[in-house]
Structures are given as structure tokens and as C-alpha cells.
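Below is run_1.cif, which holds mmCIF, C-alpha atoms.
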```cif
data_protein
#
loop_
_atom_site.label_atom_id
_atom_site.label_comp_id
_atom_site.auth_asym_id
_atom_site.auth_seq_id
_atom_site.Cartn_x
_atom_site.Cartn_y
_atom_site.Cartn_z
CA MET A 1 -6.82 -29.43 -69.43
CA LYS A 2 -4.19 -26.93 -68.38
CA ARG A 3 -2.49 -27.69 -65.05
CA SER A 4 -3.52 -24.33 -63.57
CA ASN A 5 -7.14 -25.03 -64.46
CA THR A 6 -6.92 -28.36 -62.66
CA ILE A 7 -5.56 -26.68 -59.57
CA LEU A 8 -8.25 -24.04 -59.76
CA GLY A 9 -10.84 -26.72 -60.12
CA ILE A 10 -9.63 -28.63 -57.08
CA ALA A 11 -9.50 -25.40 -55.07
CA ALA A 12 -13.07 -24.58 -56.08
CA VAL A 13 -14.29 -28.01 -54.97
CA MET A 14 -12.54 -27.59 -51.64
CA VAL A 15 -14.08 -24.16 -51.09
CA VAL A 16 -17.52 -25.43 -52.00
CA SER A 17 -17.15 -28.41 -49.62
CA LEU A 18 -16.12 -26.14 -46.79
CA ILE A 19 -19.14 -23.94 -47.41
CA ALA A 20 -21.50 -26.88 -47.87
CA PHE A 21 -20.13 -28.84 -44.95
CA PRO A 22 -19.18 -26.28 -42.36
CA THR A 23 -19.58 -28.92 -39.62
CA LEU A 24 -16.57 -30.67 -41.06
CA GLU A 25 -14.43 -27.70 -40.15
CA ARG A 26 -15.78 -27.50 -36.61
CA LYS A 27 -15.09 -31.16 -35.95
CA VAL A 28 -11.50 -30.75 -37.07
CA SER A 29 -10.85 -27.86 -34.62
CA ALA A 30 -12.88 -29.30 -31.68
CA GLY A 31 -11.73 -28.73 -28.07
CA PRO A 32 -13.28 -27.85 -24.72
CA PRO A 33 -15.47 -24.73 -24.73
CA THR A 34 -13.62 -21.69 -23.47
CA ALA A 35 -14.54 -18.36 -21.97
CA GLU A 36 -12.56 -15.31 -20.94
CA VAL A 37 -12.50 -12.78 -18.17
CA LYS A 38 -10.36 -9.67 -18.55
CA ILE A 39 -8.78 -8.09 -15.52
CA ASP A 40 -8.12 -4.37 -15.84
CA ASN A 41 -8.46 -1.18 -13.78
CA PHE A 42 -8.94 -3.16 -10.57
CA SER A 43 -11.99 -4.98 -11.93
CA TYR A 44 -13.04 -8.22 -13.62
CA SER A 45 -15.02 -8.05 -16.83
CA PRO A 46 -17.51 -9.36 -17.29
CA ALA A 47 -18.17 -9.01 -13.54
CA THR A 48 -20.56 -11.95 -13.82
CA LEU A 49 -19.78 -14.71 -16.30
CA THR A 50 -22.16 -17.56 -16.98
CA VAL A 51 -20.76 -20.76 -18.51
CA LYS A 52 -21.65 -24.43 -18.86
CA ALA A 53 -19.82 -26.91 -16.64
CA GLY A 54 -16.70 -28.14 -18.37
CA THR A 55 -15.90 -24.75 -19.90
CA GLN A 56 -12.31 -23.66 -19.47
CA VAL A 57 -12.42 -20.14 -18.06
CA THR A 58 -9.27 -18.06 -18.50
CA TRP A 59 -8.58 -14.83 -16.63
CA THR A 60 -5.98 -12.53 -18.19
CA ASN A 61 -4.49 -9.62 -16.26
CA HIS A 62 -4.27 -6.51 -18.45
CA ASP A 63 -3.79 -4.18 -15.48
CA ASP A 64 -0.47 -2.63 -14.50
CA MET A 65 -0.79 -4.06 -10.98
CA PRO A 66 -0.78 -7.75 -9.99
CA HIS A 67 -4.08 -9.40 -9.06
CA THR A 68 -5.31 -12.82 -8.03
CA VAL A 69 -8.43 -14.83 -8.73
CA THR A 70 -9.49 -16.39 -5.43
CA SER A 71 -12.82 -18.11 -4.94
CA GLU A 72 -14.50 -17.56 -1.61
CA ASP A 73 -15.17 -21.28 -1.18
CA GLN A 74 -11.54 -22.24 -1.89
CA SER A 75 -12.43 -24.18 -5.04
CA PHE A 76 -10.03 -22.20 -7.18
CA LYS A 77 -7.17 -19.84 -6.42
CA SER A 78 -4.53 -18.35 -8.70
CA LYS A 79 -1.07 -17.22 -7.78
CA ALA A 80 -0.44 -13.48 -8.06
CA LEU A 81 -0.78 -12.66 -11.76
CA ASP A 82 1.47 -9.93 -13.07
CA THR A 83 0.57 -8.00 -16.25
CA ASP A 84 -0.27 -10.38 -19.14
CA GLU A 85 -0.23 -13.50 -16.95
CA LYS A 86 -3.19 -15.88 -17.09
CA PHE A 87 -5.04 -18.29 -14.88
CA SER A 88 -7.41 -21.00 -16.09
CA PHE A 89 -10.01 -23.02 -14.27
CA THR A 90 -12.51 -25.54 -15.63
CA PRO A 91 -15.49 -25.86 -13.27
CA SER A 92 -17.14 -29.27 -13.28
CA LYS A 93 -19.91 -28.62 -10.74
CA PRO A 94 -22.79 -26.25 -11.40
CA GLY A 95 -23.20 -23.42 -8.92
CA THR A 96 -22.41 -19.77 -8.30
CA TYR A 97 -18.80 -19.11 -7.40
CA THR A 98 -18.02 -15.68 -5.99
CA TYR A 99 -14.37 -14.77 -6.21
CA TYR A 100 -12.16 -11.79 -5.48
CA CYS A 101 -8.62 -10.48 -5.62
CA SER A 102 -6.86 -11.45 -2.38
CA ILE A 103 -4.47 -8.49 -2.80
CA HIS A 104 -7.20 -5.91 -3.46
CA PRO A 105 -10.27 -7.47 -1.86
CA LYS A 106 -12.66 -4.79 -3.07
CA MET A 107 -12.35 -6.40 -6.52
CA THR A 108 -15.03 -9.07 -6.77
CA GLY A 109 -16.48 -11.21 -9.53
CA LYS A 110 -18.97 -14.00 -10.02
CA LEU A 111 -18.77 -17.20 -12.04
CA VAL A 112 -22.14 -18.86 -12.64
CA VAL A 113 -21.81 -22.47 -13.80
CA GLU A 114 -24.80 -24.17 -15.36
CA MET B 1 9.39 29.89 3.42
CA GLN B 2 9.19 32.63 6.08
CA LYS B 3 9.86 32.16 9.74
CA ASN B 4 6.53 32.24 11.46
CA SER B 5 5.17 31.55 14.89
CA GLU B 6 1.67 30.85 16.11
CA ALA B 7 0.63 31.19 19.71
CA ILE B 8 -2.18 29.05 21.06
CA LEU B 9 -5.35 30.50 19.64
CA PHE B 10 -7.75 27.60 20.12
CA ASP B 11 -7.33 25.33 23.11
CA HIS B 12 -10.66 23.51 23.08
CA ASN B 13 -9.25 20.40 24.72
CA HIS B 14 -7.50 22.43 27.44
CA ASP B 15 -4.28 20.56 26.95
CA GLY B 16 -2.13 23.29 25.48
CA ILE B 17 -2.34 22.10 21.89
CA ASP B 18 -3.62 24.43 19.21
CA ARG B 19 -4.95 21.78 16.85
CA ARG B 20 -6.17 24.16 14.21
CA GLY B 21 -2.76 25.78 14.11
CA PHE B 22 -1.13 22.36 14.03
CA LEU B 23 -3.25 21.31 11.06
CA LYS B 24 -2.35 24.56 9.30
CA CYS B 25 1.29 23.85 9.95
CA MET B 26 1.01 20.34 8.62
CA ALA B 27 -0.56 21.72 5.47
CA TRP B 28 2.69 23.61 4.88
CA ALA B 29 4.55 20.35 5.25
CA GLY B 30 4.28 19.57 1.56
CA THR B 31 6.57 22.51 0.84
CA GLY B 32 9.25 21.18 3.17
CA ALA B 33 8.42 22.93 6.41
CA LEU B 34 9.27 21.74 9.88
CA CYS B 35 6.63 22.27 12.53
CA VAL B 36 7.85 21.99 16.08
CA LEU B 37 5.66 22.16 19.14
CA GLN B 38 7.51 23.53 22.11
CA GLY B 39 5.57 24.08 25.29
CA GLY B 40 2.33 24.46 23.41
CA VAL B 41 3.63 27.06 20.99
CA LEU B 42 3.84 26.07 17.34
CA LYS B 43 6.79 27.29 15.39
CA SER B 44 7.47 26.55 11.77
CA TYR B 45 10.83 26.62 10.03
CA SER B 46 11.92 25.93 6.51
CA LEU B 47 13.90 22.71 6.23
CA SER B 48 16.74 24.71 4.68
CA ASP B 49 16.79 27.19 7.59
CA PRO B 50 20.10 26.76 9.43
CA SER B 51 18.50 27.47 12.80
CA HIS B 52 16.41 24.33 12.21
CA ALA B 53 19.36 22.20 13.16
CA LYS B 54 19.64 23.96 16.51
CA LYS B 55 15.90 23.74 17.17
CA ALA B 56 15.65 20.13 16.12
CA ALA B 57 18.61 19.30 18.32
CA ALA B 58 16.34 20.28 21.18
CA GLY B 59 14.10 17.46 19.92
CA ASP B 60 14.87 14.19 21.57
CA LEU B 61 13.86 11.79 18.88
CA SER B 62 14.07 11.90 15.14
CA PHE B 63 13.17 9.12 12.71
CA VAL B 64 12.02 8.68 9.14
CA GLN B 65 9.09 6.85 7.63
CA ILE B 66 9.33 5.41 4.13
CA SER B 67 6.65 3.30 2.52
CA ASP B 68 5.63 1.42 -0.63
CA SER B 69 9.00 0.96 -2.31
CA HIS B 70 7.37 -1.74 -4.54
CA MET B 71 10.72 -3.13 -5.65
CA GLY B 72 10.04 -5.03 -8.86
CA PHE B 73 7.51 -2.59 -10.31
CA ASN B 74 8.70 -1.47 -13.74
CA LYS B 75 5.89 0.28 -15.59
CA PRO B 76 4.87 3.88 -16.27
CA ALA B 77 5.19 6.26 -14.59
CA ASN B 78 8.34 4.73 -13.05
CA PRO B 79 10.37 2.09 -14.90
CA ASP B 80 13.17 2.35 -12.31
CA VAL B 81 11.92 2.18 -8.73
CA ALA B 82 15.42 1.26 -7.53
CA ALA B 83 16.74 4.64 -8.69
CA THR B 84 13.96 6.57 -6.93
CA LEU B 85 14.43 4.52 -3.75
CA GLN B 86 18.14 5.41 -3.91
CA ALA B 87 17.12 9.08 -4.25
CA ALA B 88 14.88 8.70 -1.20
CA VAL B 89 17.77 7.27 0.82
CA GLN B 90 19.97 10.17 -0.30
CA LYS B 91 17.23 12.56 0.84
CA ILE B 92 17.21 10.85 4.24
CA ASN B 93 20.98 11.00 4.44
CA ALA B 94 20.89 14.73 3.69
CA LEU B 95 18.61 15.59 6.62
CA SER B 96 20.38 18.03 8.93
CA VAL B 97 19.36 15.96 11.94
CA PRO B 98 20.19 12.34 11.18
CA PRO B 99 17.28 10.01 11.93
CA GLU B 100 17.90 7.40 14.57
CA PHE B 101 16.00 4.75 12.65
CA ILE B 102 13.67 4.17 9.71
CA LEU B 103 10.13 2.81 9.75
CA HIS B 104 9.10 1.08 6.52
CA THR B 105 5.31 0.81 6.43
CA GLY B 106 5.15 -1.98 3.87
CA ASP B 107 4.89 -2.97 0.20
CA ILE B 108 8.65 -3.33 0.39
CA SER B 109 8.45 -5.60 -2.67
CA HIS B 110 6.02 -5.61 -5.56
CA LEU B 111 5.57 -9.36 -6.01
CA SER B 112 7.09 -10.87 -2.82
CA LYS B 113 10.08 -12.11 -4.84
CA PRO B 114 13.30 -12.81 -2.91
CA GLY B 115 15.33 -10.70 -5.36
CA GLU B 116 13.04 -7.74 -4.75
CA PHE B 117 13.51 -7.91 -0.99
CA ASP B 118 17.27 -8.34 -1.52
CA ASN B 119 17.37 -5.18 -3.66
CA VAL B 120 15.63 -3.09 -1.02
CA ASP B 121 17.98 -4.40 1.67
CA GLN B 122 20.93 -3.54 -0.55
CA ILE B 123 19.73 0.02 -1.17
CA LEU B 124 18.95 0.60 2.51
CA LYS B 125 22.54 -0.38 3.35
CA SER B 126 23.57 3.07 2.15
CA ALA B 127 21.26 4.82 4.66
CA ARG B 128 22.96 6.65 7.53
CA THR B 129 21.04 4.53 9.97
CA GLN B 130 20.97 0.76 9.69
CA ASP B 131 18.18 0.49 12.24
CA VAL B 132 15.08 -0.27 10.16
CA PHE B 133 11.72 -1.50 11.41
CA PHE B 134 9.19 -2.99 9.01
CA VAL B 135 5.55 -3.92 8.77
CA PRO B 136 4.32 -5.83 5.69
CA GLY B 137 2.10 -4.58 2.90
CA GLU B 138 -0.23 -6.86 0.93
CA HIS B 139 2.42 -7.12 -1.82
CA ASP B 140 4.89 -8.62 0.69
CA VAL B 141 2.77 -11.60 1.73
CA LEU B 142 1.74 -13.15 -1.59
CA GLU B 143 1.66 -16.96 -1.92
CA ASP B 144 3.01 -17.89 1.52
CA ASP B 145 0.90 -16.05 4.12
CA GLY B 146 3.90 -13.88 4.88
CA LYS B 147 6.33 -16.64 5.85
CA GLN B 148 9.21 -15.16 3.81
CA TYR B 149 8.44 -11.66 5.09
CA ARG B 150 8.63 -12.85 8.71
CA GLU B 151 11.86 -14.77 8.10
CA ARG B 152 13.47 -11.62 6.74
CA TYR B 153 11.95 -8.85 8.85
CA GLY B 154 9.78 -10.40 11.52
CA LYS B 155 12.20 -11.83 14.06
CA ASN B 156 10.81 -11.34 17.56
CA THR B 157 7.39 -10.42 16.26
CA LYS B 158 4.11 -12.08 17.13
CA GLY B 159 1.43 -13.66 14.98
CA ALA B 160 1.55 -12.28 11.44
CA GLY B 161 4.37 -9.90 12.42
CA TRP B 162 3.13 -7.40 15.01
CA TYR B 163 5.37 -6.02 17.77
CA SER B 164 6.26 -3.01 19.86
CA PHE B 165 9.41 -1.30 21.07
CA ASP B 166 10.45 1.83 22.93
CA LYS B 167 12.74 4.64 21.90
CA LYS B 168 13.49 7.54 24.25
CA GLY B 169 10.21 7.32 26.09
CA VAL B 170 8.09 6.93 22.94
CA HIS B 171 6.28 3.60 22.53
CA PHE B 172 6.19 2.26 18.96
CA ILE B 173 3.64 -0.33 17.84
CA GLY B 174 3.89 -2.11 14.48
CA LEU B 175 0.61 -3.63 13.35
CA VAL B 176 -0.22 -5.97 10.46
CA ASN B 177 -3.51 -5.34 8.67
CA VAL B 178 -2.90 -7.05 5.33
CA MET B 179 -3.54 -10.71 6.18
CA ASN B 180 -6.70 -12.77 5.57
CA LEU B 181 -8.40 -10.04 3.62
CA LYS B 182 -12.04 -10.91 2.99
CA ALA B 183 -13.84 -10.49 -0.31
CA GLY B 184 -15.23 -6.99 -0.63
CA GLY B 185 -13.44 -5.97 2.56
CA LEU B 186 -10.88 -3.50 3.83
CA GLY B 187 -7.70 -4.04 5.82
CA SER B 188 -8.08 -6.21 8.90
CA LEU B 189 -6.28 -6.51 12.25
CA GLY B 190 -8.08 -9.56 13.67
CA THR B 191 -8.99 -10.56 17.21
CA GLU B 192 -5.66 -12.04 18.22
CA GLN B 193 -3.77 -8.88 17.30
CA LEU B 194 -6.36 -6.60 18.93
CA GLU B 195 -6.11 -8.57 22.16
CA TRP B 196 -2.34 -8.29 22.02
CA LEU B 197 -2.62 -4.52 21.46
CA GLU B 198 -4.88 -4.09 24.47
CA ASP B 199 -2.46 -6.04 26.59
CA ASP B 200 0.61 -4.27 25.20
CA THR B 201 -0.65 -0.79 26.07
CA LYS B 202 -2.55 -1.64 29.26
CA HIS B 203 0.18 -0.73 31.71
CA LEU B 204 1.56 2.33 29.95
CA SER B 205 0.97 5.72 31.51
CA LYS B 206 -1.33 7.90 29.42
CA SER B 207 1.41 10.46 29.02
CA THR B 208 3.54 8.01 27.05
CA PRO B 209 3.58 9.22 23.44
CA LEU B 210 2.53 6.41 21.11
CA VAL B 211 3.45 5.87 17.48
CA VAL B 212 1.38 3.20 15.73
CA PHE B 213 2.48 2.14 12.27
CA ALA B 214 0.73 -0.18 9.83
CA HIS B 215 0.46 -0.49 6.06
CA ILE B 216 -3.19 0.14 5.25
CA PRO B 217 -4.61 3.34 6.77
CA LEU B 218 -6.18 2.88 10.18
CA TRP B 219 -8.80 5.51 9.35
CA THR B 220 -11.34 5.25 6.58
CA ILE B 221 -10.10 7.39 3.73
CA TYR B 222 -11.93 5.87 0.75
CA PRO B 223 -13.63 2.51 1.29
CA GLU B 224 -14.47 2.13 -2.43
CA TRP B 225 -10.76 1.57 -3.03
CA GLY B 226 -10.16 -0.42 0.15
CA TRP B 227 -8.44 2.52 1.85
CA GLY B 228 -9.36 1.72 5.45
CA THR B 229 -9.24 -1.00 8.12
CA GLU B 230 -12.41 -2.80 9.17
CA ASP B 231 -11.62 -3.18 12.84
CA SER B 232 -9.38 -0.18 13.50
CA ALA B 233 -12.06 1.45 15.68
CA GLN B 234 -11.43 -1.23 18.30
CA ALA B 235 -7.69 -0.57 18.16
CA LEU B 236 -8.17 3.17 18.49
CA ALA B 237 -10.51 2.61 21.46
CA TYR B 238 -7.58 1.04 23.35
CA LEU B 239 -5.48 4.11 22.57
CA ARG B 240 -8.05 6.79 23.38
CA ARG B 241 -6.76 7.48 26.87
CA PHE B 242 -3.28 8.41 25.70
CA GLY B 243 -2.36 12.08 25.41
CA SER B 244 -0.46 11.73 22.16
CA VAL B 245 -1.00 9.11 19.47
CA THR B 246 0.61 9.36 16.04
CA VAL B 247 -0.59 6.88 13.42
CA LEU B 248 1.72 6.39 10.43
CA ASN B 249 0.43 4.46 7.42
CA GLY B 250 1.21 3.93 3.74
CA HIS B 251 -0.66 2.03 1.00
CA ILE B 252 -2.21 5.04 -0.76
CA HIS B 253 0.98 6.51 -2.24
CA GLN B 254 0.16 10.11 -1.30
CA THR B 255 0.33 12.16 1.84
CA MET B 256 -2.80 12.72 3.81
CA GLN B 257 -3.38 13.75 7.40
CA LYS B 258 -6.17 14.04 9.92
CA VAL B 259 -6.27 15.08 13.54
CA GLU B 260 -8.96 13.56 15.72
CA GLY B 261 -8.76 14.31 19.43
CA ASN B 262 -5.33 13.23 20.60
CA VAL B 263 -4.70 11.14 17.51
CA THR B 264 -2.81 12.44 14.48
CA PHE B 265 -3.16 10.23 11.40
CA HIS B 266 -0.67 10.51 8.58
CA THR B 267 -0.01 8.60 5.36
CA ALA B 268 3.27 8.73 3.48
CA ALA B 269 4.05 9.18 -0.18
CA SER B 270 5.78 6.34 -2.00
CA PRO B 271 9.31 6.51 -3.43
CA ALA B 272 8.07 4.28 -6.30
CA PHE B 273 4.92 5.66 -7.92
CA PRO B 274 2.07 8.01 -7.04
CA GLN B 275 -1.59 7.03 -6.92
CA PRO B 276 -4.58 9.23 -7.68
CA HIS B 277 -6.55 11.16 -5.08
CA PRO B 278 -9.66 9.31 -3.90
CA GLY B 279 -12.17 9.00 -6.71
CA ALA B 280 -10.07 11.09 -9.10
CA ALA B 281 -9.47 8.14 -11.43
CA PRO B 282 -11.38 4.96 -12.39
CA SER B 283 -9.12 2.93 -10.09
CA ALA B 284 -6.42 3.22 -7.44
CA GLY B 285 -3.59 2.02 -9.68
CA PRO B 286 -0.32 3.73 -10.54
CA MET B 287 -0.80 7.30 -11.71
CA LYS B 288 0.93 8.03 -14.97
CA VAL B 289 2.62 11.43 -15.08
CA PRO B 290 5.24 13.06 -17.34
CA PRO B 291 8.76 11.97 -16.31
CA GLU B 292 9.77 15.46 -15.24
CA GLN B 293 6.93 15.53 -12.69
CA LEU B 294 7.48 12.07 -11.23
CA ARG B 295 9.89 12.88 -8.42
CA SER B 296 7.75 15.77 -7.18
CA LEU B 297 5.07 13.17 -6.39
CA LEU B 298 7.36 10.72 -4.59
CA GLY B 299 8.69 11.26 -1.09
CA VAL B 300 9.76 10.40 2.45
CA THR B 301 8.55 11.55 5.87
CA ASP B 302 10.64 12.96 8.72
CA VAL B 303 9.27 12.76 12.27
CA ASN B 304 10.51 14.62 15.33
CA HIS B 305 9.49 14.46 18.94
CA VAL B 306 10.40 17.18 21.37
CA HIS B 307 10.48 15.78 24.86
CA GLY B 308 7.59 17.12 26.89
CA SER B 309 5.54 18.20 23.91
CA HIS B 310 2.39 16.33 23.01
CA ALA B 311 2.29 15.84 19.29
CA LEU B 312 5.09 14.67 17.06
CA ALA B 313 6.12 16.93 14.22
CA VAL B 314 5.59 15.11 10.94
CA ILE B 315 7.24 16.56 7.85
CA ASP B 316 6.87 15.26 4.31
CA SER B 317 9.39 16.02 1.62
CA THR B 318 9.27 15.11 -2.03
CA LEU B 319 12.21 13.71 -3.96
CA GLU B 320 12.41 16.86 -6.09
#
```

Same coordinates, now as C-alpha cells:
Amino acid sequence: MKRSNTILGIAAVMVVSLIAFPTLERKVSAGPPTAEVKIDNFSYSPATLTVKAGTQVTWTNHDDMPHTVTSEDQSFKSKALDTDEKFSFTPSKPGTYTYYCSIHPKMTGKLVVE
Amino acid sequence: MQKNSEAILFDHNHDGIDRRGFLKCMAWAGTGALCVLQGGVLKSYSLSDPSHAKKAAAGDLSFVQISDSHMGFNKPANPDVAATLQAAVQKINALSVPPEFILHTGDISHLSKPGEFDNVDQILKSARTQDVFFVPGEHDVLEDDGKQYRERYGKNTKGAGWYSFDKKGVHFIGLVNVMNLKAGGLGSLGTEQLEWLEDDTKHLSKSTPLVVFAHIPLWTIYPEWGWGTEDSAQALAYLRRFGSVTVLNGHIHQTMQKVEGNVTFHTAASPAFPQPHPGAAPSAGPMKVPPEQLRSLLGVTDVNHVHGSHALAVIDSTLE
């Protein structure tokens, strides 16, 4: 058999395995579940985010002004995030966490943890 | 700008002040007019009118308000807020009547960084007057509850940085309404500060002109964007008996004024970046404009008090 055919053959088997065993791929790239909140135009979106406990939630500031992510019950609080800076929090306890921007307190959001 | 004079036409409060005429005069202020109240008669002069110097010399007290320098901001519409702050200082230095001192109504820095405060201090060193009084904005008290702000600018102040002082018979009160902001809320003065304010003004005669300065407006301009102070009504109640109260604020990066009884409210433009009119944009953030328009939307405020007159003359000028 020609060498290129062998290579093609091996490639085909690999592709077929990946299609047939997609779970294999997921196990290889496993990590904690993640979720995102975008900050822009003086608002959080989604305004209400629902996640399972243990999910790493990351807020990214896309606005041209700095903002914070400050929970009302003090369970999480970011430093002032300038444009493109991020803050992550992984809630372990279920509950509803209301949060806001301590610089612009009219900005509010809700994190619902199941 | 023509020379113009307005006699008292409407004296509803029977105190010799034509408020409607005063408001009209303040509306001209955006073009660089000086309104001076002398013995109840309003006169307006162009800032470039040479007789202004003589008239203003009859004024006993002259100072400047600047606000929202946001040192550290570097995005559209202004990538160089240091240059526009320099231009603002040059504008102040070019006033025909030199101001005795400067009031900075907060958001000195953009991110409370030491270098940002240092830069503002450096630029203000070239102002004709080195007497500068500050109150903090919410951008000045990030991370440390205002500890750095107070170390730099809050010597001899109380609580979060409030204080008062007197200049030529006018009583100045610096208030802090940017601490402990609650979710969904507006600016806040707090009980301790309100009690101090009541005590501070208790023994003053009602003919003492008052100037109250704070970062966030002490009147409700647009609550949706947080442009107001939750408990300012209580503060204003303590000041109601005074014949002349001038409230100077910043935070909204545009000039706005309102006259209510004996109280004149005024907000200053920023020398850093403009913000949209209430509700005119999806949010309150920096307004992007073509570079050639920028300086016409940035500015400083000149304030003059003529001894014996009730209201202070408040004049806004743009950088260009």
C-alpha cells in the first residue's frame, strides 16, 4: 500500500472514531462548567443569569467606563474593572444573589444558583 | 454679545431678585456672558468686554469650579484628558479677574490610581491660584473607601471628607455623597454628615451667602442614570432659611441649572469628556463626538459674588 494511502486510512479511522465516540472528546477537554455575563452600556447581560452551583461565572467589562460586580450580601465583590478586565466567581451555595456596580449603583443584576 | 440690562420685572419673593431675569441671564452663560447682580438690577456683559474687569472688580469674591477631570481616561472622544485639563487651567489663568481659589467637585481621577492623582496635582501647579478645595467623586474612592483621597485632599475634613470654610463673608460647605452607595440607589449623604451640616449652619445668620459643593447633583436631574442624591431634601431643609444658597455639583459632564426659591443649583461641564443629555442615549457614558467638536463640549465655571447682592453670578465657559 502506498504511504499516503496508509496515512489517509489512519486519518479516516480517527475521524470515524471521533464521530462515533464524541464522548471521548468531551472527556479530554473536561473542566468546570462556565458561564458569562457581559458588561456594556452601564448594564449586565443577561440581567438575570441562572447557573448550577459550581459553575464559574465570568463577568467581562466591554464598556468604556469602569464597573464593579458587588453582591449585596457581600459574598462576592470585584475590584474596579476597566475595559476588557474580567472577574470570576464560582458560587457553591444555591440561592439568588443580587449584585450591582458600586460605582454606578443603578446598574443591577441577578445571579440565580441552583 | 451686546451690553444689556434688565430691571426688576418680577419680584414675587419681595427680596429684590428678578429670578426670571436671572434664569434668562444664566441661559446666556453658555456663550460666555457674565451676569452680575448689583442692588437687584441684573446686568450682563460679554466676558471679552473690557468694562467687565472694572465691574467684576466691584465683586468681592471670585473663584472657579472645575469638575470631573477623570485623569486616566483614554478613550474616545478624548484620548488625552491631560491636554484638555491643561487647556482648562490656561482658560482659568486667562480670566481677567483672577480667581482666589478653585473648587474641584470630584472625579479627579478615573480609577483612583496614585499616578492619576499625581498628574492632576502637577497640572494644577500651573494655575494662577494654588488654593484648591476638593470633594471626591465615586471614581476617587475605589477599593479603599476613600482612604487615599482623604490622605491627599482631606486633611482637616470630617467623616468621609466633608468640611466647611469661609471666604470674604461667604460660607463654603463641601459635602461627600459618593460613599456607601446602595444597589439601585442614587448619591447619598448619610445621617452623620446631615447632622454635621445642621450643626455647621445652625449659628450662621440667614444673610450669610452659602455655597454648597458636592460631586453628585443635590437635585434630582435624572434618577434612571443615578443623577440625584437620595437624602438631599434633608440637607436643603437645613439651608432653606438662608437668603442665598448656591449649589455647585459635577458628575453629569454638562452644564445644567435650576433656581428654586433662594437656592440656585448648577452643574459644571467636565474638562475630560462630555456625557449625553438625560435620556438622549442608551446610557450615561462618555459621548463620542468628532475631534473638532470636543473642546466646545468641555469647560470650566467662573463664580463671582458682589458683596451685598443675593445670588452669585455663575458663568460657564467652554474650552473652545

Using only C-alpha atoms, tabulate the residues of chain A lying at most 8 Å from any atom of chain B, each with its closest atom pair and that distance in Å to one decimal, by chain and increasing residue number, as CSV.
```
residue,atom,partner,partner_atom,distance
A:Asn41,CA,B:Ser283,CA,5.6
A:Phe42,CA,B:Ser283,CA,6.1
A:Asp64,CA,B:Lys75,CA,7.1
A:Met65,CA,B:Gly285,CA,6.8
A:Pro66,CA,B:Leu111,CA,7.7
A:Glu72,CA,B:Ala183,CA,7.2
A:Lys79,CA,B:Glu143,CA,6.5
A:Ala80,CA,B:Leu142,CA,6.8
A:Tyr99,CA,B:Ala183,CA,7.3
A:Tyr100,CA,B:Ala183,CA,5.6
A:Cys101,CA,B:Ala183,CA,7.4
A:Ser102,CA,B:Leu181,CA,6.4
A:Ile103,CA,B:Glu138,CA,5.9
A:His104,CA,B:Gly226,CA,7.2
A:Pro105,CA,B:Ala183,CA,4.9
A:Lys106,CA,B:Gly184,CA,4.2
A:Met107,CA,B:Gly184,CA,6.6
A:Thr108,CA,B:Gly184,CA,6.5
```

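Taking only C-alpha atoms, the non-local environment of Phe172 (chain B) within 8 Å (same-chain residues fewer than 4 positions away omitted) comprises Ser164, Phe165, Asp166, Lys167, Leu210, Val211, Val212 and Phe213 of chain B.
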
Written file, previous selection with C-alpha atoms, as a compact mmCIF listing (two decimals), in the coordinates of the input:
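Result written to result-v8.txt:
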```
# COMPACT_ATOMS: atom_id res chain seq x y z
CA SER B 164 6.26 -3.01 19.86
CA PHE B 165 9.41 -1.30 21.07
CA ASP B 166 10.45 1.83 22.93
CA LYS B 167 12.74 4.64 21.90
CA LEU B 210 2.53 6.41 21.11
CA VAL B 211 3.45 5.87 17.48
CA VAL B 212 1.38 3.20 15.73
CA PHE B 213 2.48 2.14 12.27
```

**Report entry** Separation of CA of Glu100 (chain B) from CA of Asp60 (chain B) in Å
**Finding:**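 That distance, rounded to one decimal, is 10.2 Å.
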
Query raised in the report: Could you work out how far CA of Lys202 (chain B) lies from CA of Val64 (chain B), giving the answer in Å with one decimal?
Result: 26.9 Å

Query raised in the report: Between CA of Pro278 (chain B) and CA of Thr105 (chain B), what is the distance, to one decimal in Å?
Result: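 So the answer is 20.1 Å.
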
Requested in this report: May I have the residues within 7 Å of Ile216 (chain B) as a list in words, using only C-alpha atoms and disregarding those fewer than 4 positions away in the same chain?
Outcome: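 Returned residues: Asn177, Gly187, Trp227, Gly228, Thr229, Asn249, Gly250 and His251 of chain B.
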
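For the set B:Gly243, B:Pro271, B:Pro79, B:Pro276, the residue with the smallest atom-to-atom gap to Ser207 (chain B) is B:Gly243, counting all atoms listed in the file.
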
Around (17.3, 6.1, -5.1) in the file's own coordinates, what residues are found within 12 Å if you use all atoms listed in the file, given back as a short mmCIF file (atom, residue, chain, number, x, y, z; two decimals) with C-alpha atoms, in the frame of the given file?
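Writing done, so here's point_14.cif:
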```
data_model
loop_
_atom_site.label_atom_id
_atom_site.label_comp_id
_atom_site.auth_asym_id
_atom_site.auth_seq_id
_atom_site.Cartn_x
_atom_site.Cartn_y
_atom_site.Cartn_z
CA SER B 69 9.00 0.96 -2.31
CA MET B 71 10.72 -3.13 -5.65
CA ASP B 80 13.17 2.35 -12.31
CA VAL B 81 11.92 2.18 -8.73
CA ALA B 82 15.42 1.26 -7.53
CA ALA B 83 16.74 4.64 -8.69
CA THR B 84 13.96 6.57 -6.93
CA LEU B 85 14.43 4.52 -3.75
CA GLN B 86 18.14 5.41 -3.91
CA ALA B 87 17.12 9.08 -4.25
CA ALA B 88 14.88 8.70 -1.20
CA VAL B 89 17.77 7.27 0.82
CA GLN B 90 19.97 10.17 -0.30
CA LYS B 91 17.23 12.56 0.84
CA ILE B 92 17.21 10.85 4.24
CA ASN B 93 20.98 11.00 4.44
CA ASN B 119 17.37 -5.18 -3.66
CA VAL B 120 15.63 -3.09 -1.02
CA GLN B 122 20.93 -3.54 -0.55
CA ILE B 123 19.73 0.02 -1.17
CA LEU B 124 18.95 0.60 2.51
CA LYS B 125 22.54 -0.38 3.35
CA SER B 126 23.57 3.07 2.15
CA ALA B 127 21.26 4.82 4.66
CA SER B 270 5.78 6.34 -2.00
CA PRO B 271 9.31 6.51 -3.43
CA ALA B 272 8.07 4.28 -6.30
CA ARG B 295 9.89 12.88 -8.42
CA LEU B 298 7.36 10.72 -4.59
CA GLY B 299 8.69 11.26 -1.09
CA VAL B 300 9.76 10.40 2.45
CA LEU B 319 12.21 13.71 -3.96
CA GLU B 320 12.41 16.86 -6.09
#
```

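For the choices A:Asp63, A:Tyr44, A:Pro32, A:Thr70, the atom-to-atom distance to Thr90 (chain A) is smallest for A:Pro32 when using all atoms listed in the file.
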
Query - Among listed residues B:Leu189, B:Val263, B:Val245, B:Val314, nearest Val170 (chain B) (using all atoms listed in the file) - result: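 Closest candidate: B:Val245.
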
Report task. Tell me which residues the PyMOL selection byres ((chain A and resi 45-50) around 8) grabs here, as a list of chain:residue names. Result -> A:Val37, A:Lys38, A:Ile39, A:Asp40, A:Ser43, A:Tyr44, A:Val51, A:Lys52, A:Thr108, A:Gly109, A:Lys110, A:Leu111, A:Val112, A:Val113, A:Glu114
